[in-house]
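What follows is final_37.tsv (TSV, C-alpha atoms).
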chain	number	residue	atom	x	y	z
Y	84	MET	CA	138.14	-66.96	-35.30
Y	85	ALA	CA	141.56	-67.20	-33.68
Y	86	THR	CA	141.92	-67.04	-29.92
Y	87	ARG	CA	142.17	-63.44	-28.80
Y	88	THR	CA	144.23	-61.99	-25.98
Y	89	GLU	CA	143.27	-59.02	-23.87
Y	90	PRO	CA	144.86	-55.73	-24.96
Y	91	THR	CA	147.17	-53.94	-22.54
Y	92	LEU	CA	147.77	-50.28	-21.77
Y	93	ALA	CA	150.82	-50.47	-24.04
Y	94	ASP	CA	148.54	-51.64	-26.88
Y	95	VAL	CA	146.24	-48.67	-26.32
Y	96	ILE	CA	149.18	-46.24	-26.29
Y	97	GLU	CA	150.42	-47.73	-29.58
Y	98	ALA	CA	146.91	-47.44	-30.99
Y	99	ARG	CA	146.85	-43.77	-30.07
Y	100	ALA	CA	149.90	-43.17	-32.26
Y	101	ARG	CA	148.27	-45.08	-35.15
Y	102	VAL	CA	144.94	-43.27	-35.08
Y	103	ALA	CA	146.49	-39.82	-34.65
Y	104	GLY	CA	145.77	-37.77	-37.75
Y	105	HIS	CA	142.88	-40.04	-38.69
Y	106	ALA	CA	140.51	-39.93	-35.71
Y	107	ARG	CA	139.77	-36.60	-34.10
Y	108	VAL	CA	140.60	-35.79	-30.50
Y	109	THR	CA	136.98	-35.06	-29.65
Y	110	PRO	CA	136.02	-32.21	-27.32
Y	111	LEU	CA	134.94	-32.55	-23.71
Y	112	PHE	CA	132.06	-30.28	-22.69
Y	113	SER	CA	131.20	-29.27	-19.15
Y	114	SER	CA	127.48	-28.97	-18.44
Y	115	GLY	CA	126.25	-26.66	-15.70
Y	116	THR	CA	122.68	-27.86	-16.25
Y	117	PHE	CA	123.48	-31.55	-15.81
Y	118	SER	CA	125.86	-30.78	-12.96
Y	119	GLN	CA	123.04	-29.04	-11.13
Y	120	MET	CA	120.62	-31.88	-11.88
Y	121	VAL	CA	122.84	-34.63	-10.44
Y	122	GLY	CA	124.73	-32.66	-7.80
Y	123	ARG	CA	128.23	-33.20	-9.15
Y	124	GLU	CA	130.46	-31.85	-11.91
Y	125	VAL	CA	129.46	-33.41	-15.26
Y	126	HIS	CA	131.61	-33.62	-18.40
Y	127	LEU	CA	130.44	-34.94	-21.78
Y	128	LYS	CA	132.92	-36.61	-24.15
Y	129	ALA	CA	131.50	-35.84	-27.60
Y	130	GLU	CA	132.33	-38.81	-29.83
Y	131	ASN	CA	129.17	-37.89	-31.73
Y	132	LEU	CA	131.45	-35.28	-33.34
Y	133	GLN	CA	133.96	-37.93	-34.42
Y	134	ARG	CA	134.54	-38.68	-38.12
Y	135	THR	CA	131.64	-40.77	-39.52
Y	136	GLY	CA	129.63	-39.70	-36.48
Y	137	SER	CA	130.78	-42.26	-33.90
Y	138	PHE	CA	133.73	-43.67	-31.97
Y	139	LYS	CA	133.96	-46.68	-34.32
Y	140	ILE	CA	136.54	-45.01	-36.54
Y	141	ARG	CA	139.21	-45.51	-33.86
Y	142	GLY	CA	139.05	-49.29	-33.79
Y	143	ALA	CA	138.67	-49.60	-37.55
Y	144	VAL	CA	141.73	-47.42	-38.23
Y	145	ASN	CA	143.82	-49.28	-35.66
Y	146	ARG	CA	142.95	-52.67	-37.13
Y	147	ILE	CA	143.55	-51.67	-40.76
Y	148	ALA	CA	146.79	-49.84	-39.91
Y	149	THR	CA	148.27	-53.11	-38.61
Y	150	LEU	CA	147.64	-55.08	-41.82
Y	151	GLY	CA	150.56	-56.25	-43.93
Y	152	GLU	CA	150.94	-55.61	-47.66
Y	153	GLN	CA	149.34	-58.88	-48.74
Y	154	GLN	CA	146.41	-58.37	-46.37
Y	155	ARG	CA	145.86	-54.87	-47.67
Y	156	ALA	CA	145.87	-56.14	-51.23
Y	157	ALA	CA	143.19	-58.69	-50.35
Y	158	GLY	CA	141.07	-55.97	-48.73
Y	159	VAL	CA	138.83	-55.92	-45.69
Y	160	VAL	CA	135.26	-57.02	-45.13
Y	161	THR	CA	132.68	-56.67	-42.39
Y	162	ALA	CA	128.99	-57.06	-41.71
Y	163	SER	CA	127.11	-54.05	-40.38
Y	164	ALA	CA	124.00	-51.99	-40.87
Y	165	GLY	CA	125.30	-49.05	-38.92
Y	166	ASN	CA	128.27	-47.18	-37.51
Y	167	HIS	CA	130.84	-49.98	-37.76
Y	168	GLY	CA	130.32	-50.44	-41.50
Y	169	GLN	CA	130.75	-46.72	-42.12
Y	170	ALA	CA	133.92	-46.67	-40.02
Y	171	VAL	CA	135.49	-49.63	-41.85
Y	172	ALA	CA	134.63	-48.06	-45.20
Y	173	TRP	CA	136.17	-44.72	-44.20
Y	174	ALA	CA	139.31	-46.28	-42.72
Y	175	ALA	CA	139.85	-48.50	-45.75
Y	176	ARG	CA	139.62	-45.48	-48.02
Y	177	GLU	CA	142.21	-43.68	-45.88
Y	178	PHE	CA	144.67	-46.53	-46.45
Y	179	GLY	CA	143.78	-47.03	-50.09
Y	180	ILE	CA	142.53	-50.59	-49.79
Y	181	PRO	CA	139.26	-52.19	-50.98
Y	182	ALA	CA	136.43	-52.75	-48.53
Y	183	ARG	CA	133.17	-54.69	-48.70
Y	184	VAL	CA	130.39	-54.22	-46.23
Y	185	PHE	CA	127.63	-56.82	-46.08
Y	186	MET	CA	124.28	-55.36	-45.07
Y	187	PRO	CA	120.80	-56.83	-44.64
Y	188	HIS	CA	118.31	-55.90	-47.33
Y	189	ASP	CA	116.31	-53.77	-44.89
Y	190	ALA	CA	119.28	-51.67	-43.75
Y	191	PRO	CA	118.39	-47.95	-43.55
Y	192	MET	CA	119.20	-46.31	-46.86
Y	193	ALA	CA	120.84	-43.35	-45.14
Y	194	LYS	CA	123.44	-45.71	-43.67
Y	195	VAL	CA	123.78	-47.64	-46.93
Y	196	ASP	CA	124.41	-44.42	-48.85
Y	197	ALA	CA	126.88	-43.15	-46.24
Y	198	THR	CA	128.85	-46.40	-46.29
Y	199	ARG	CA	128.92	-46.43	-50.08
Y	200	GLY	CA	129.91	-42.77	-50.07
Y	201	TYR	CA	133.00	-43.62	-48.00
Y	202	GLY	CA	134.11	-45.92	-50.81
Y	203	ALA	CA	132.99	-49.40	-49.74
Y	204	ARG	CA	131.31	-51.90	-52.01
Y	205	ILE	CA	127.93	-52.84	-50.55
Y	206	GLU	CA	126.67	-56.42	-50.64
Y	207	PHE	CA	123.10	-57.08	-49.56
Y	208	ALA	CA	122.45	-60.41	-47.86
Y	209	GLY	CA	119.41	-61.67	-45.99
Y	210	GLU	CA	116.89	-59.94	-43.81
Y	211	GLY	CA	118.95	-59.32	-40.69
Y	212	TYR	CA	122.45	-58.90	-39.30
Y	213	ASP	CA	123.03	-62.64	-38.80
Y	214	ASP	CA	122.40	-63.30	-42.51
Y	215	ALA	CA	124.79	-60.52	-43.49
Y	216	LEU	CA	127.41	-61.86	-41.07
Y	217	GLU	CA	127.18	-65.37	-42.50
Y	218	ALA	CA	127.57	-64.05	-46.04
Y	219	SER	CA	130.54	-61.87	-45.07
Y	220	LEU	CA	132.38	-64.78	-43.42
Y	221	GLY	CA	131.78	-66.87	-46.53
Y	222	PHE	CA	133.35	-64.11	-48.60
Y	223	VAL	CA	136.38	-64.10	-46.29
Y	224	GLU	CA	136.88	-67.84	-46.79
Y	225	GLU	CA	136.63	-67.49	-50.57
Y	226	THR	CA	138.90	-64.48	-51.02
Y	227	GLY	CA	141.27	-64.31	-48.05
Y	228	ALA	CA	140.11	-60.79	-47.16
Y	229	THR	CA	140.54	-59.71	-43.55
Y	230	TYR	CA	137.39	-59.63	-41.46
Y	231	VAL	CA	137.19	-56.56	-39.22
Y	232	HIS	CA	135.02	-57.45	-36.23
Y	233	ALA	CA	133.10	-54.68	-34.51
Y	234	PHE	CA	134.21	-55.65	-30.98
Y	235	GLU	CA	135.63	-59.16	-30.59
Y	236	ASP	CA	139.14	-58.15	-31.64
Y	237	GLU	CA	141.92	-56.98	-29.32
Y	238	VAL	CA	143.28	-54.52	-31.89
Y	239	VAL	CA	139.85	-52.94	-32.40
Y	240	ILE	CA	139.37	-52.81	-28.61
Y	241	ALA	CA	142.71	-51.06	-28.19
Y	242	GLY	CA	141.68	-48.49	-30.78
Y	243	GLN	CA	138.49	-47.70	-28.88
Y	244	GLY	CA	140.57	-47.46	-25.71
Y	245	THR	CA	142.25	-44.31	-27.00
Y	246	ILE	CA	139.15	-42.46	-25.79
Y	247	GLY	CA	140.16	-43.40	-22.24
Y	248	LEU	CA	143.58	-41.82	-22.63
Y	249	GLU	CA	142.01	-38.63	-23.99
Y	250	LEU	CA	139.55	-38.52	-21.09
Y	251	LEU	CA	142.32	-38.71	-18.52
Y	252	ASP	CA	144.18	-35.92	-20.31
Y	253	GLN	CA	141.11	-33.70	-20.56
Y	254	VAL	CA	139.74	-34.19	-17.05
Y	255	PRO	CA	142.52	-35.67	-14.88
Y	256	GLU	CA	140.47	-35.22	-11.71
Y	257	VAL	CA	137.65	-37.48	-12.97
Y	258	GLU	CA	136.14	-39.78	-10.35
Y	259	THR	CA	133.61	-41.78	-12.42
Y	260	VAL	CA	133.34	-42.63	-16.13
Y	261	VAL	CA	129.99	-43.81	-17.56
Y	262	LEU	CA	129.99	-45.76	-20.84
Y	263	PRO	CA	127.47	-47.56	-23.06
Y	264	ILE	CA	127.81	-51.31	-23.65
Y	265	GLY	CA	126.66	-53.27	-26.69
Y	266	GLY	CA	129.21	-55.82	-27.86
Y	267	GLY	CA	131.55	-54.39	-25.25
Y	268	GLY	CA	134.55	-53.34	-27.33
Y	269	LEU	CA	134.20	-49.65	-26.53
Y	270	CYS	CA	133.78	-50.13	-22.79
Y	271	ALA	CA	136.49	-52.80	-22.62
Y	272	GLY	CA	139.01	-50.60	-24.37
Y	273	ILE	CA	138.30	-47.49	-22.31
Y	274	ALA	CA	138.23	-49.49	-19.07
Y	275	THR	CA	141.61	-51.01	-19.95
Y	276	ALA	CA	143.15	-47.58	-20.52
Y	277	ILE	CA	141.63	-46.00	-17.42
Y	278	LYS	CA	142.06	-48.82	-14.90
Y	279	SER	CA	145.67	-49.41	-15.97
Y	280	SER	CA	146.46	-45.72	-15.46
Y	281	ARG	CA	144.07	-44.74	-12.67
Y	282	PRO	CA	142.65	-47.80	-10.86
Y	283	ASP	CA	140.82	-45.50	-8.44
Y	284	VAL	CA	138.49	-44.21	-11.18
Y	285	ARG	CA	135.08	-45.93	-11.17
Y	286	VAL	CA	133.92	-47.28	-14.55
Y	287	VAL	CA	130.19	-47.86	-14.99
Y	288	GLY	CA	128.79	-49.73	-17.99
Y	289	VAL	CA	125.27	-49.07	-19.30
Y	290	GLN	CA	123.13	-51.48	-21.32
Y	291	ALA	CA	119.75	-51.05	-22.99
Y	292	GLU	CA	117.10	-52.60	-20.77
Y	293	ALA	CA	115.11	-53.85	-23.77
Y	294	CYS	CA	117.99	-56.08	-24.89
Y	295	LEU	CA	118.15	-57.88	-21.55
Y	296	ALA	CA	114.52	-59.04	-21.44
Y	297	PRO	CA	112.99	-61.94	-23.43
Y	298	GLY	CA	111.32	-60.93	-26.67
Y	299	SER	CA	112.28	-58.94	-29.73
Y	300	GLY	CA	114.90	-56.87	-27.96
Y	301	PHE	CA	113.92	-53.76	-29.94
Y	302	THR	CA	115.40	-50.56	-28.60
Y	303	ILE	CA	115.90	-47.06	-29.93
Y	304	ALA	CA	119.54	-47.58	-28.86
Y	305	ASP	CA	120.18	-49.78	-31.90
Y	306	GLY	CA	123.93	-49.17	-31.66
Y	307	ILE	CA	124.07	-51.25	-28.45
Y	308	ALA	CA	121.29	-53.70	-29.35
Y	309	VAL	CA	123.38	-56.75	-28.49
Y	310	LYS	CA	122.06	-59.42	-26.12
Y	311	LYS	CA	125.42	-59.83	-24.44
Y	312	PRO	CA	129.05	-58.76	-24.97
Y	313	GLY	CA	131.51	-61.02	-26.79
Y	314	GLU	CA	133.63	-63.59	-24.97
Y	315	LEU	CA	136.78	-61.49	-25.07
Y	316	THR	CA	135.06	-58.25	-24.14
Y	317	PHE	CA	133.08	-59.94	-21.37
Y	318	SER	CA	136.24	-61.29	-19.77
Y	319	ILE	CA	137.65	-57.75	-19.69
Y	320	LEU	CA	134.47	-56.14	-18.43
Y	321	ASP	CA	133.96	-58.78	-15.77
Y	322	ARG	CA	137.36	-57.90	-14.36
Y	323	LEU	CA	137.39	-54.11	-14.76
Y	324	LEU	CA	133.84	-52.78	-14.46
Y	325	ASP	CA	132.80	-51.36	-11.10
Y	326	ASP	CA	129.11	-51.48	-11.96
Y	327	LEU	CA	126.78	-52.58	-14.77
Y	328	VAL	CA	123.35	-50.93	-15.05
Y	329	ALA	CA	120.47	-50.73	-17.52
Y	330	VAL	CA	118.27	-47.92	-18.85
Y	331	SER	CA	114.86	-47.97	-20.50
Y	332	ASP	CA	113.94	-46.55	-23.90
Y	333	GLU	CA	111.89	-43.88	-22.13
Y	334	GLU	CA	114.94	-42.78	-20.15
Y	335	ILE	CA	117.08	-42.80	-23.30
Y	336	ALA	CA	114.48	-40.71	-25.16
Y	337	GLU	CA	114.49	-38.11	-22.40
Y	338	ALA	CA	118.31	-38.03	-22.43
Y	339	ILE	CA	118.32	-37.43	-26.21
Y	340	LEU	CA	115.87	-34.57	-25.73
Y	341	LEU	CA	117.92	-33.01	-22.92
Y	342	SER	CA	121.15	-33.40	-24.87
Y	343	VAL	CA	119.69	-31.50	-27.82
Y	344	GLU	CA	117.98	-28.88	-25.68
Y	345	ARG	CA	120.57	-28.21	-22.98
Y	346	VAL	CA	123.99	-28.84	-24.59
Y	347	LYS	CA	123.01	-28.62	-28.30
Y	348	GLN	CA	124.39	-32.09	-29.07
Y	349	VAL	CA	122.46	-34.49	-31.34
Y	350	VAL	CA	123.04	-38.07	-30.20
Y	351	GLU	CA	121.65	-41.43	-31.22
Y	352	GLY	CA	120.04	-43.82	-28.76
Y	353	ALA	CA	123.27	-45.63	-27.90
Y	354	GLY	CA	125.01	-42.28	-27.61
Y	355	ALA	CA	122.52	-41.14	-24.96
Y	356	ALA	CA	122.46	-44.33	-22.87
Y	357	ALA	CA	125.27	-43.32	-20.51
Y	358	LEU	CA	123.73	-39.89	-20.00
Y	359	ALA	CA	120.38	-41.54	-19.27
Y	360	ALA	CA	122.01	-43.64	-16.54
Y	361	LEU	CA	123.58	-40.59	-14.93
Y	362	LEU	CA	120.39	-38.53	-15.01
Y	363	ASN	CA	118.41	-41.40	-13.47
Y	364	ASP	CA	120.80	-41.86	-10.55
Y	365	ARG	CA	122.43	-45.09	-11.76
Y	366	ALA	CA	126.03	-43.92	-12.01
Y	367	GLY	CA	126.70	-44.71	-8.36
Y	368	THR	CA	127.43	-42.51	-5.39
Y	369	GLY	CA	130.15	-39.92	-5.30
Y	370	SER	CA	130.61	-36.19	-5.40
Y	371	GLY	CA	133.62	-35.89	-7.70
Y	372	PRO	CA	133.62	-35.14	-11.44
Y	373	VAL	CA	131.87	-37.65	-13.69
Y	374	ALA	CA	132.56	-38.09	-17.41
Y	375	VAL	CA	129.82	-39.41	-19.70
Y	376	LEU	CA	130.49	-40.70	-23.20
Y	377	LEU	CA	128.22	-39.54	-26.03
Y	378	SER	CA	129.31	-42.40	-28.24
Y	379	GLY	CA	127.59	-41.48	-31.51
Y	380	GLY	CA	125.24	-39.11	-33.31
Y	381	ASN	CA	124.01	-41.10	-36.30
Y	382	ILE	CA	120.29	-41.02	-35.64
Y	383	ASP	CA	117.79	-41.22	-38.49
Y	384	PRO	CA	115.88	-37.91	-38.81
Y	385	THR	CA	112.47	-39.57	-38.69
Y	386	LEU	CA	113.47	-41.51	-35.58
Y	387	LEU	CA	114.85	-38.32	-34.05
Y	388	ILE	CA	111.46	-36.63	-34.53
Y	389	ALA	CA	109.66	-39.58	-32.93
Y	390	VAL	CA	112.16	-39.77	-30.08
Y	391	MET	CA	111.93	-36.04	-29.44
Y	392	ARG	CA	108.14	-36.29	-29.19
Y	393	ARG	CA	108.44	-39.30	-26.92
Y	394	GLY	CA	111.05	-37.55	-24.83
Y	395	LEU	CA	108.79	-34.51	-24.50
Y	396	ALA	CA	105.95	-36.78	-23.37
Y	397	VAL	CA	108.12	-38.57	-20.82
Y	398	ALA	CA	109.35	-35.22	-19.51
Y	399	GLY	CA	105.77	-34.02	-19.15
Y	400	ARG	CA	106.13	-31.37	-21.82
Y	401	TYR	CA	104.12	-32.96	-24.63
Y	402	LEU	CA	100.60	-33.82	-23.57
Y	403	VAL	CA	97.91	-35.50	-25.68
Y	404	VAL	CA	94.42	-35.67	-24.19
Y	405	ARG	CA	90.96	-36.71	-25.35
Y	406	THR	CA	87.80	-35.01	-24.12
Y	407	ARG	CA	84.28	-34.04	-25.28
Y	408	VAL	CA	82.43	-30.75	-25.77
Y	409	ARG	CA	78.84	-30.01	-26.76
Y	410	ASP	CA	78.48	-29.90	-30.55
Y	411	THR	CA	77.29	-26.32	-30.58
Y	412	PRO	CA	78.96	-23.10	-31.75
Y	413	GLY	CA	81.50	-21.65	-29.35
Y	414	GLN	CA	82.07	-24.72	-27.15
Y	415	LEU	CA	85.46	-25.61	-28.60
Y	416	ALA	CA	86.50	-21.95	-28.61
Y	417	GLN	CA	85.59	-21.74	-24.93
Y	418	LEU	CA	87.83	-24.72	-24.08
Y	419	LEU	CA	90.72	-23.29	-26.08
Y	420	SER	CA	90.25	-19.89	-24.43
Y	421	LEU	CA	90.41	-21.51	-20.97
Y	422	LEU	CA	93.62	-23.30	-21.90
Y	423	GLY	CA	95.08	-20.07	-23.25
Y	424	LYS	CA	94.45	-18.33	-19.93
Y	425	GLU	CA	96.42	-21.14	-18.23
Y	426	ARG	CA	99.38	-20.40	-20.57
Y	427	VAL	CA	99.04	-23.76	-22.31
Y	428	ASN	CA	100.17	-23.85	-25.95
Y	429	VAL	CA	97.82	-25.89	-28.19
Y	430	LEU	CA	99.73	-27.60	-31.01
Y	431	ALA	CA	96.91	-29.55	-32.66
Y	432	VAL	CA	93.14	-30.06	-32.44
Y	433	ASP	CA	91.31	-33.06	-33.94
Y	434	HIS	CA	87.51	-33.57	-34.04
Y	435	HIS	CA	85.90	-37.02	-33.80
Y	436	ARG	CA	82.15	-36.60	-34.32
Y	437	GLU	CA	81.36	-40.08	-35.67
Y	438	SER	CA	83.04	-42.13	-32.95
Y	439	PRO	CA	80.68	-44.65	-31.27
Y	440	GLN	CA	82.18	-43.59	-27.91
Y	441	VAL	CA	80.93	-40.02	-28.37
Y	442	PRO	CA	77.30	-39.41	-27.32
Y	443	VAL	CA	74.88	-37.81	-29.76
Y	444	GLY	CA	75.07	-34.05	-29.41
Y	445	ASP	CA	78.74	-34.07	-28.39
Y	446	THR	CA	81.92	-34.00	-30.40
Y	447	GLY	CA	85.14	-35.74	-29.43
Y	448	VAL	CA	88.22	-33.54	-29.26
Y	449	GLU	CA	91.84	-34.67	-29.18
Y	450	LEU	CA	94.27	-31.97	-28.11
Y	451	THR	CA	98.04	-31.91	-28.37
Y	452	LEU	CA	99.43	-29.51	-25.80
Y	453	LEU	CA	102.84	-28.21	-24.76
Y	454	THR	CA	103.37	-28.03	-21.01
Y	455	ARG	CA	106.35	-26.94	-18.92
Y	456	ASP	CA	107.08	-30.13	-16.99
Y	457	ARG	CA	105.41	-33.10	-15.31
Y	458	ALA	CA	103.99	-30.96	-12.51
Y	459	HIS	CA	102.45	-28.54	-14.99
Y	460	ARG	CA	101.11	-31.45	-17.06
Y	461	ASP	CA	99.35	-32.91	-14.01
Y	462	GLU	CA	98.08	-29.46	-13.08
Y	463	VAL	CA	96.58	-28.97	-16.55
Y	464	LEU	CA	94.81	-32.34	-16.37
Y	465	GLU	CA	93.32	-31.56	-12.97
Y	466	THR	CA	92.34	-28.03	-14.04
Y	467	MET	CA	90.48	-29.35	-17.11
Y	468	ARG	CA	88.63	-31.86	-14.94
Y	469	GLY	CA	87.83	-29.04	-12.54
Y	470	TRP	CA	86.21	-27.18	-15.44
Y	471	GLY	CA	83.89	-30.16	-15.86
Y	472	TYR	CA	85.56	-31.87	-18.81
Y	473	ASP	CA	85.93	-35.66	-18.91
Y	474	VAL	CA	89.65	-35.89	-19.79
Y	475	GLU	CA	91.53	-38.99	-20.91
Y	476	HIS	CA	95.34	-38.74	-20.82
Y	477	LEU	CA	96.59	-40.48	-23.98
Y	478	ARG	CA	100.32	-39.76	-23.79
Give the structure from this file in structure tokens form.
Amino acid sequence: MATRTEPTLADVIEARARVAGHARVTPLFSSGTFSQMVGREVHLKAENLQRTGSFKIRGAVNRIATLGEQQRAAGVVTASAGNHGQAVAWAAREFGIPARVFMPHDAPMAKVDATRGYGARIEFAGEGYDDALEASLGFVEETGATYVHAFEDEVVIAGQGTIGLELLDQVPEVETVVLPIGGGGLCAGIATAIKSSRPDVRVVGVQAEACLAPGSGFTIADGIAVKKPGELTFSILDRLLDDLVAVSDEEIAEAILLSVERVKQVVEGAGAAALAALLNDRAGTGSGPVAVLLSGGNIDPTLLIAVMRRGLAVAGRYLVVRTRVRDTPGQLAQLLSLLGKERVNVLAVDHHRESPQVPVGDTGVELTLLTRDRAHRDEVLETMRGWGYDVEHLR
């Protein structure tokens, strides 16, 4: 890949003119609930409501808009199993040029179908992203198509930076901006726009904790599941970021839950990472307005269900316990009646009579309960033990 140069504020301003009419100017929501929780005015930039469901459309449009006639005739190609592939497919359709997106064989079918629906030709290659990337670069060499990189491209970075200009227009008094970091293109572009215009504004980058530790690097924030930013983006972030922090999957799950419950915004894991950092006191000190980017909303429904349950558990509002009652009529009803008097909602009851851990004459009971918060959860556990039940907290 050719040597890249860092984009300037002028590049971002030019990008804004190119993406106008293609990318939406996404809304900025104020949240009284989150403001009260963190003790400062909180604004949420809703890129989850962007076309294709994420910010990626900005960089893809800006890159494709700069192609010459011969490049457009040859088409564009990329490797992606997620938001970037959908954005490239959509942008290519807008400009009437062919697009191919290389995806691993195990890519989620919802994302495959969405990318195909935007007009791209799908090519399956290998079991993971690296295999798809290798195949896509081989296709570029054979055909002369233009490769559209997700983040290591100054034109793509400038496109993402248009969010920064919108933020400054929408909340000019902003003191801190909190952004997710995967490959770094989004954060680098926004930081370029903001720091060039308002160097006093603090920019905080947020990574997924799971990607920084040795091991598989699995995280529910798959959109930022990158071990480290690219060389170009890192050079920008190293110079412009005021702070770089990490959040756990548990914290992200709780942020997804709160986003849905309190501001009615569905976000994916990466889209909730910046909010998770703010809610867990990692956005730095300050009392002025803070803007948080909800970078995307393309979360698989089954994952959303699992994350919501996990988020409820982390928040102390979804409690699963195991206990025992005598295997005689009325014993289970008595336990459920006691819980009802404590205003505890019982979602599910499972019996385990044949378990070797359950003494003869008893029956094992697993209860799924809804509680108000962590304090209420702990209170319910202690109350059940006070009634004489041997209670094991499962999750």
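Between Glu475 of chain Y and the candidates Y:Val441, Y:Val404, Y:Trp173, Y:Ala162, the tightest atom-to-atom separation, counting all atoms listed in the file, involves Y:Val404.
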Looking at only C-alpha atoms, which of Y:Gly288, Y:Pro312, Y:Leu452, Y:Pro191 is the one that sits closest to Thr385 of chain Y?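 With only C-alpha atoms as the atom set, the closest residue is Y:Pro191.
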Go ahead and find all residues with at least one atom no further than 9 Å from (87.4, -35.6, -24.9) in the file's coordinates, using all atoms listed in the file; report them as a list in words.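 Output of the proximity query reads Val404, Arg405, Thr406, Arg407, Val408, Val441, Thr446, Gly447, Val448, Glu449, Leu450, Tyr472, Asp473, Val474 and Glu475 of chain Y.
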Can you measure atom CA of Leu464 of chain Y to atom CA of Leu340 of chain Y for me? One decimal in Å is fine.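 The value is 23.2 Å.
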Within-9 Å shell of (135.7, -56.8, -34.9) in input frame, all atoms listed in the file, as a compact mmCIF listing (two decimals) with C-alpha atoms, in the frame of the given file:
# COMPACT_ATOMS: atom_id res chain seq x y z
CA GLY Y 142 139.05 -49.29 -33.79
CA ALA Y 143 138.67 -49.60 -37.55
CA ARG Y 146 142.95 -52.67 -37.13
CA THR Y 161 132.68 -56.67 -42.39
CA HIS Y 167 130.84 -49.98 -37.76
CA TYR Y 230 137.39 -59.63 -41.46
CA VAL Y 231 137.19 -56.56 -39.22
CA HIS Y 232 135.02 -57.45 -36.23
CA ALA Y 233 133.10 -54.68 -34.51
CA PHE Y 234 134.21 -55.65 -30.98
CA GLU Y 235 135.63 -59.16 -30.59
CA ASP Y 236 139.14 -58.15 -31.64
CA GLU Y 237 141.92 -56.98 -29.32
CA VAL Y 238 143.28 -54.52 -31.89
CA VAL Y 239 139.85 -52.94 -32.40
CA ILE Y 240 139.37 -52.81 -28.61
CA GLY Y 268 134.55 -53.34 -27.33
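When atom CA of Val328 of chain Y is paired with atom CA of Arg365 of chain Y, their separation reads 6.8 Å.
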What does the distance between atom CA of Leu377 of chain Y and atom CA of Thr109 of chain Y come to in Å, to one decimal place? 10.5 Å
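If you count all atoms listed in the file and ignore residues fewer than 5 places along the chain from segment 102-108 of chain Y, what sits within 7 Å of it is Y:Gln133, Y:Arg134, Y:Ile140, Y:Arg141, Y:Val144, Y:Asn145.
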Here is a test: counting all atoms listed in the file, which residue of Y:Ala353, Y:Leu150, Y:Ala193, Y:Ile264 is nearest to Lys310 of chain Y? Y:Ile264
Find the spatial neighbours of segment 256-258 of chain Y, counting only C-alpha atoms, within a cut-off of 8 Å - ignore same-chain residues fewer than 5 positions away - and output them as number ranges by chain. Y: 251, 283-285, 369, 371-374
Prev. selection, C-alpha atoms, output as a compact mmCIF listing (two decimals), keeping the file's coordinate frame:
# COMPACT_ATOMS: atom_id res chain seq x y z
CA LEU Y 251 142.32 -38.71 -18.52
CA ASP Y 283 140.82 -45.50 -8.44
CA VAL Y 284 138.49 -44.21 -11.18
CA ARG Y 285 135.08 -45.93 -11.17
CA GLY Y 369 130.15 -39.92 -5.30
CA GLY Y 371 133.62 -35.89 -7.70
CA PRO Y 372 133.62 -35.14 -11.44
CA VAL Y 373 131.87 -37.65 -13.69
CA ALA Y 374 132.56 -38.09 -17.41
Counting all atoms listed in the file, figure out which residue out of Y:Arg199, Y:Arg322, Y:Arg87, Y:Arg204 gets nearest to Pro282 of chain Y.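 Going through Y:Arg199, Y:Arg322, Y:Arg87, Y:Arg204 one by one, the smallest distance to Pro282 of chain Y is for Y:Arg322.
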I want to know what sits within 10 Å of Ala148 of chain Y, based on only C-alpha atoms, with residues of the same chain fewer than 6 positions away left out; could you give that as a PyMOL selection string? chain Y and resi 98+101-102+142+155+174-175+177-178+238
Expected axis-aligned box over every listed atom of segment 200-218 of chain Y, 8 Å added per side, centre plus edges in Å to one decimal, as JSON:
{"center_x": 125.5, "center_y": -54.1, "center_z": -45.4, "size_x": 33.2, "size_y": 38.6, "size_z": 29.2}
Can you pull out every residue within 10 Å of Gln153 of chain Y, counting only C-alpha atoms, but drop anything in the same chain fewer than 5 positions away, and send it as a VMD selection string? chain Y and resid 158 227 to 228
